[in-house]
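J.: Handing you a structure now.
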Amino acid sequence: MPDNKQASAEVAEAPEAKKSEVESDAEGTIGAEFGDEVLEGEPTKTDDEKDKSSDAYHAKVTAKAGTPAGLVTGLIKELRPKQWVKNVLVLAVPFAAGEILDPAILLDAVIAFVVFSMAASGIYFVNDAIDVEADRQHPTKRNRPIAAGLIPVPIAYVVCVLLLGGSLLISGLTSMPLLAVMALYIAVQLGYCFGLKHQPVIDLCIVASGFLLRAIAGGAAANLVITQWFYLIVAFGSLFMVAGKRYAEVKLAAETGAKIRKSLKAYSPSYLRFVWAIAAAITIMTYSLWAYDIREFEMSRWGLISIVPMVIAILRYAVDIDKGVAGEPEEVVLKDKVLMVLGVILAGCLFLAFYL
């Protein structure tokens with residue numbers, strides 16, 4: 001009998017543990033493209049300065065408000081350099097085209113990385129400036145640089161214009177196709193910030209399109225042509241990961257009672273499971289078709305061999321989704337050593353196919 005009671009206690013405590021996990025992510029690492037968190041817990045007020053929901057922590061953050069040091073710190077934090085890792089996807093097309101070792105092509109890809117980082121950071125500024133009043137009412141969002149007063153709203157808009165304008169200017173000087181891609185990306189993401197993020201299905205497509213446009217930008221910068229199969233892989237692979245994130249968010253909300261955004265209320269776990277299952281199937285199918293293209297045009301069997309680690313990686317990632325722990329793609333991969341190994345094997349197979 002004591003054993004049964006102990007087991008019951010452990011089961012009862014499990015949702016609380018998950019709730020704590022949700023609350024600790026209130027800065028938006030689980031959420032959407034620009035860090036506007038989708039899960040909002042009800043943090044318990046404490047006096048711990050390390051607790052981001054506490055008044056003591058908030059007081060520590062706002063202490064530098066109105067000072068040059070606070071402004072500089074706020075600007076750096078608002079740029080969110082940790083999110084720039086997503087922009088490495090611009091290297092995908094030059095790599096798949098077998099041109100990544102060409103210095104000129106690599107330089108164009110680096111420029112695409114820079115302009116995408118500038119544009120993404122500019123969107124972070126406008127997104128937080130738009131939501132500043134709502135953020136100030138939230139126990140953890142109030143610590144964001146703009147909401148905390150480290151960056152005045154007018155300055156946030158000025159920086160946003162400079163970043164977005166600079167991104168378009170550099171893109172135009174590099175290539176017109178890159179300029180077109182960046183203009184489309186900025187327009188779509190501004191629409192997301194100004195209300196589309198609350199529209200079911202549309203929000204899924206917009207977030208997924210961000211990854212696709214990154215891949216397209218790498219090819220556009222260097223004027224490279226790539227097979228349509230590759231873009232379909234990126235498009236549906238992105239939808240697979242985004243639907244997986246949303247599934248994890250909805251599942252955690254159902255288990256913990258956390259508050260969620262309007263668009264997420266329209267999703268049921270079964271619907272999101274349907275989306276990521278279909279996206280996974282199409283990703284595997286298009287990758288296999290692309291692999292046969294590689295064998296035909298590169299005269300290499302390594303493309304076909306790469307199907308094996310690719311399929312295993314998709315199935316492995318689906319395990320994390322099914323558990324409801326699939327957050328940001330880069331975080332899922334870094335926490336799963338098997339996925340990392342599969343990624344290295346996959347990259348190795350493709351390198352042998354394109355460069356040997």
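If you're wondering about the labels, chains in the structure tokens are A, B, ... by order shown, residues count from 1 in each chain, ligands from 1 in order shown.
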Kindly assemble as JSON lines a list of the region 145-244 of chain A residues that lie within 12 Å of region 281-298 of chain A, each paired with its nearest atom pair and their distance in Å to one decimal, using only C-alpha atoms, sorted first by chain and then by ascending residue number.
T.:
```
{"residue": "A:Ile226", "atom": "CA", "partner": "A:Trp290", "partner_atom": "CA", "distance": 10.5}
{"residue": "A:Thr227", "atom": "CA", "partner": "A:Trp290", "partner_atom": "CA", "distance": 7.8}
{"residue": "A:Gln228", "atom": "CA", "partner": "A:Trp290", "partner_atom": "CA", "distance": 8.6}
{"residue": "A:Trp229", "atom": "CA", "partner": "A:Trp290", "partner_atom": "CA", "distance": 5.4}
{"residue": "A:Phe230", "atom": "CA", "partner": "A:Trp290", "partner_atom": "CA", "distance": 6.6}
{"residue": "A:Tyr231", "atom": "CA", "partner": "A:Thr286", "partner_atom": "CA", "distance": 9.2}
{"residue": "A:Leu232", "atom": "CA", "partner": "A:Thr286", "partner_atom": "CA", "distance": 6.6}
{"residue": "A:Ile233", "atom": "CA", "partner": "A:Thr283", "partner_atom": "CA", "distance": 5.1}
{"residue": "A:Val234", "atom": "CA", "partner": "A:Thr283", "partner_atom": "CA", "distance": 7.8}
{"residue": "A:Ala235", "atom": "CA", "partner": "A:Thr283", "partner_atom": "CA", "distance": 8.3}
{"residue": "A:Phe236", "atom": "CA", "partner": "A:Thr283", "partner_atom": "CA", "distance": 5.5}
{"residue": "A:Gly237", "atom": "CA", "partner": "A:Thr283", "partner_atom": "CA", "distance": 5.6}
{"residue": "A:Ser238", "atom": "CA", "partner": "A:Thr283", "partner_atom": "CA", "distance": 9.2}
{"residue": "A:Leu239", "atom": "CA", "partner": "A:Thr283", "partner_atom": "CA", "distance": 9.4}
{"residue": "A:Phe240", "atom": "CA", "partner": "A:Thr283", "partner_atom": "CA", "distance": 8.2}
{"residue": "A:Met241", "atom": "CA", "partner": "A:Thr283", "partner_atom": "CA", "distance": 11.0}
```
J.: At a cut-off of 8 Å, using only C-alpha atoms, what residues contact Val161 (chain A)? Leave out same-chain residues fewer than 4 positions from it and give the result as number ranges by chain.
T.: A: 122, 157, 165
J.: For those residues, write N, CA and C atoms to a file as a PDB file, in the first residue's frame.
T.:
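out-v9.pdb, freshly written:
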```pdb
ATOM      1  N   GLY A 122      15.429  42.879 -37.027  1.00  0.00           N
ATOM      2  CA  GLY A 122      14.532  44.022 -37.208  1.00  0.00           C
ATOM      3  C   GLY A 122      13.099  43.658 -36.889  1.00  0.00           C
ATOM      4  N   TYR A 157      11.593  51.459 -33.078  1.00  0.00           N
ATOM      5  CA  TYR A 157      11.127  51.574 -34.463  1.00  0.00           C
ATOM      6  C   TYR A 157      12.227  52.098 -35.382  1.00  0.00           C
ATOM      7  N   GLY A 165      15.859  48.202 -43.570  1.00  0.00           N
ATOM      8  CA  GLY A 165      16.329  48.964 -44.730  1.00  0.00           C
ATOM      9  C   GLY A 165      17.732  48.543 -45.142  1.00  0.00           C
TER      10      GLY A 165
END
```
J.: Give the answer as one residue: which of A:Gly343, A:Gly218, A:Pro309, A:Pro329 has the shortest atom-to-atom distance to Ala96 (chain A), using only C-alpha atoms?
T.: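 Looking at the shortest contact to Ala96 (chain A), the residue is A:Gly218.
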J.: Rank A:Ile130, A:Ala56, A:Met176, A:Val275 by their smallest atom-to-atom distance to Pro154 (chain A), using only C-alpha atoms, and report the top residue only.
T.: A:Ile130
J.: Go through A:Asp55, A:Asp322, A:Asp203, A:Glu99 and flag the residue nearest Arg273 (chain A), using only C-alpha atoms for the distances.
T.: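 Closest to Arg273 (chain A) of all the choices is A:Asp322.
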J.: Given only C-alpha atoms as the basis, pick out the residue of A:Val114, A:Leu184, A:Met310, A:Ala156 nearest to Leu212 (chain A).
T.: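 So, comparing all the options, the nearest one is A:Leu184.
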J.: Tell me, as a PyMOL selection string, which residues lie within 10 Å of Phe125 (chain A), counting only C-alpha atoms; anything in the same chain fewer than 5 positions away does not count.
T.: chain A and resi 34+75+78-80+120+130+145-146+151+153+155-161+163
J.: In terms of the shortest atom-to-atom distance over only C-alpha atoms, which of A:Leu342, A:Leu352, A:Val115, A:Ala63 is closest to Leu304 (chain A)?
T.: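 Nearest candidate to Leu304 (chain A) out of A:Leu342, A:Leu352, A:Val115, A:Ala63: A:Leu352.
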J.: Hey, which bits of region 102-180 of chain A sit within 10 Å of region 190-200 of chain A, and for each residue what's the closest pair of atoms and how far apart in Å (one decimal), counting only C-alpha atoms, rows by chain and increasing number, as a Markdown table?
T.:
```
| residue | atom | partner | partner_atom | distance |
| --- | --- | --- | --- | --- |
| A:Gly122 | CA | A:Leu190 | CA | 10.0 |
| A:Ile123 | CA | A:Leu190 | CA | 7.0 |
| A:Tyr124 | CA | A:Cys193 | CA | 9.1 |
| A:Val126 | CA | A:Cys193 | CA | 7.7 |
| A:Asn127 | CA | A:Cys193 | CA | 5.5 |
| A:Asp128 | CA | A:Cys193 | CA | 8.9 |
| A:Ile130 | CA | A:Cys193 | CA | 7.9 |
| A:Asp131 | CA | A:Cys193 | CA | 9.0 |
```
J.: When you look at Val85 (chain A) with a cut-off of 10 Å (counting only C-alpha atoms), what residues show up, excluding the ones that are within fewer than 6 positions of it in the same chain? I need them as a PyMOL selection string.
T.: chain A and resi 113+117+330
J.: Please produce a file of those selected residues containing N, CA and C atoms, as a PDB file, in the first residue's frame.
T.:
```pdb
ATOM      1  N   PHE A 113      23.463  35.280 -45.212  1.00  0.00           N
ATOM      2  CA  PHE A 113      23.351  35.050 -43.767  1.00  0.00           C
ATOM      3  C   PHE A 113      23.243  36.382 -43.024  1.00  0.00           C
ATOM      4  N   SER A 117      20.001  37.803 -40.952  1.00  0.00           N
ATOM      5  CA  SER A 117      20.139  38.092 -39.524  1.00  0.00           C
ATOM      6  C   SER A 117      19.658  39.510 -39.226  1.00  0.00           C
ATOM      7  N   GLU A 330      16.694  23.394 -33.446  1.00  0.00           N
ATOM      8  CA  GLU A 330      18.103  23.306 -33.066  1.00  0.00           C
ATOM      9  C   GLU A 330      18.275  22.770 -31.650  1.00  0.00           C
TER      10      GLU A 330
END
```
J.: Within 7 Å of Gly324 (chain A), counting only C-alpha atoms, which residues show up once you throw out same-chain ones fewer than 5 positions away? Write them as an MDAnalysis selection string, please.
T.: chainID A and resid 247:248 251:252
J.: Would you output that residue set with N, CA, C and O atoms, as a short mmCIF file (atom, residue, chain, number, x, y, z; two decimals), in the first residue's frame?
T.:
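Ended up saving to selection17.cif:
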```cif
data_model
loop_
_atom_site.label_atom_id
_atom_site.label_comp_id
_atom_site.auth_asym_id
_atom_site.auth_seq_id
_atom_site.Cartn_x
_atom_site.Cartn_y
_atom_site.Cartn_z
N TYR A 247 2.32 20.98 -31.68
CA TYR A 247 1.76 19.80 -31.02
C TYR A 247 2.27 19.73 -29.57
O TYR A 247 1.50 19.48 -28.65
N ALA A 248 3.57 19.98 -29.39
CA ALA A 248 4.14 19.96 -28.05
C ALA A 248 3.52 21.03 -27.18
O ALA A 248 3.23 20.81 -25.99
N LYS A 251 -0.13 20.08 -26.32
CA LYS A 251 -0.14 18.95 -25.40
C LYS A 251 0.24 19.39 -23.99
O LYS A 251 -0.40 19.00 -23.01
N LEU A 252 1.28 20.22 -23.88
CA LEU A 252 1.68 20.72 -22.56
C LEU A 252 0.60 21.59 -21.95
O LEU A 252 0.34 21.53 -20.74
#
```
J.: As a ChimeraX atom specification, please: the residues near Ala217 (chain A) (cut-off 8 Å, only C-alpha atoms, same-chain neighbours under 6 positions excluded).
T.: /A:90,112,178,181-182
